[in-house]
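Novice: Sharing a structure, written as structure tokens. Questions coming.
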Amino acid sequence: MTSQFNLHLDADAGLRFELVTGNGDVLLTSKAFEDEDAAIAAIWSVREAAAKGRIVDLTGSVPENHLSD
């Protein structure tokens, strides 16, 4: 199953989107948008950033498989 973006109204009638995995896990919930066009533009922005974005580890830890001997 593939992931999807779900648009919905929140409790304050703001339009939000969620990125949901194929098994139903919610990976992210957006901020509230005033209209559908703005929410859809943000979805396209997230899709592009995810495809091209770097992973930056700000935790200060180093995974075991990256330790030098």
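So you can find residues: chains in the structure tokens are A, B, ... in the order shown, residues in each start at 1, and ligands are numbered from 1 in order.
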Skipping near chain neighbours, those fewer than 2 positions away, what residues fall within 12 Å of His8 of chain A using only C-alpha atoms, listed as JSON, numbers by chain?

Specialist: {"A": [5, 6, 10, 11, 12, 13, 14, 15, 16, 17, 18, 19, 29, 30, 31, 32, 33, 34, 35, 36, 39, 40]}

Novice: Could you give me the residues within chain A that DSSP places in strand (DSSP E or B), as a PyMOL selection string?

Specialist: chain A and resi 4-9+15-20+26-29+33

Novice: Within 8 Å of Gly22 of chain A, counting only C-alpha atoms, which residues show up once you throw out same-chain ones fewer than 6 positions away? Write them as a list in words, please.

Specialist: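 Answer for this query is Met1, Thr2, Ser3 and Gln4 of chain A.
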
Novice: Can you tell me, as an NGL selection string, which residues in chain A count as helix (DSSP H, G or I) by DSSP?

Specialist: :A and (36-52 or 64-66)

Novice: Record the distance separating atom CA of Val20 of chain A and atom CA of Arg47 of chain A, expressed in Å with one decimal.

Specialist: 12.9 Å

Novice: Of the candidates A:Ala49, A:Val56, A:Leu7, A:Ser61, which shows the shortest atom-to-atom distance to Asp37 of chain A, using only C-alpha atoms?

Specialist: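 Looking only at the distances to Asp37 of chain A, the closest residue turns out to be A:Leu7.
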
Novice: One decimal, Å: what's the distance from atom CA of Thr59 of chain A over to atom CA of Asp25 of chain A, could you say?

Specialist: 24.0 Å
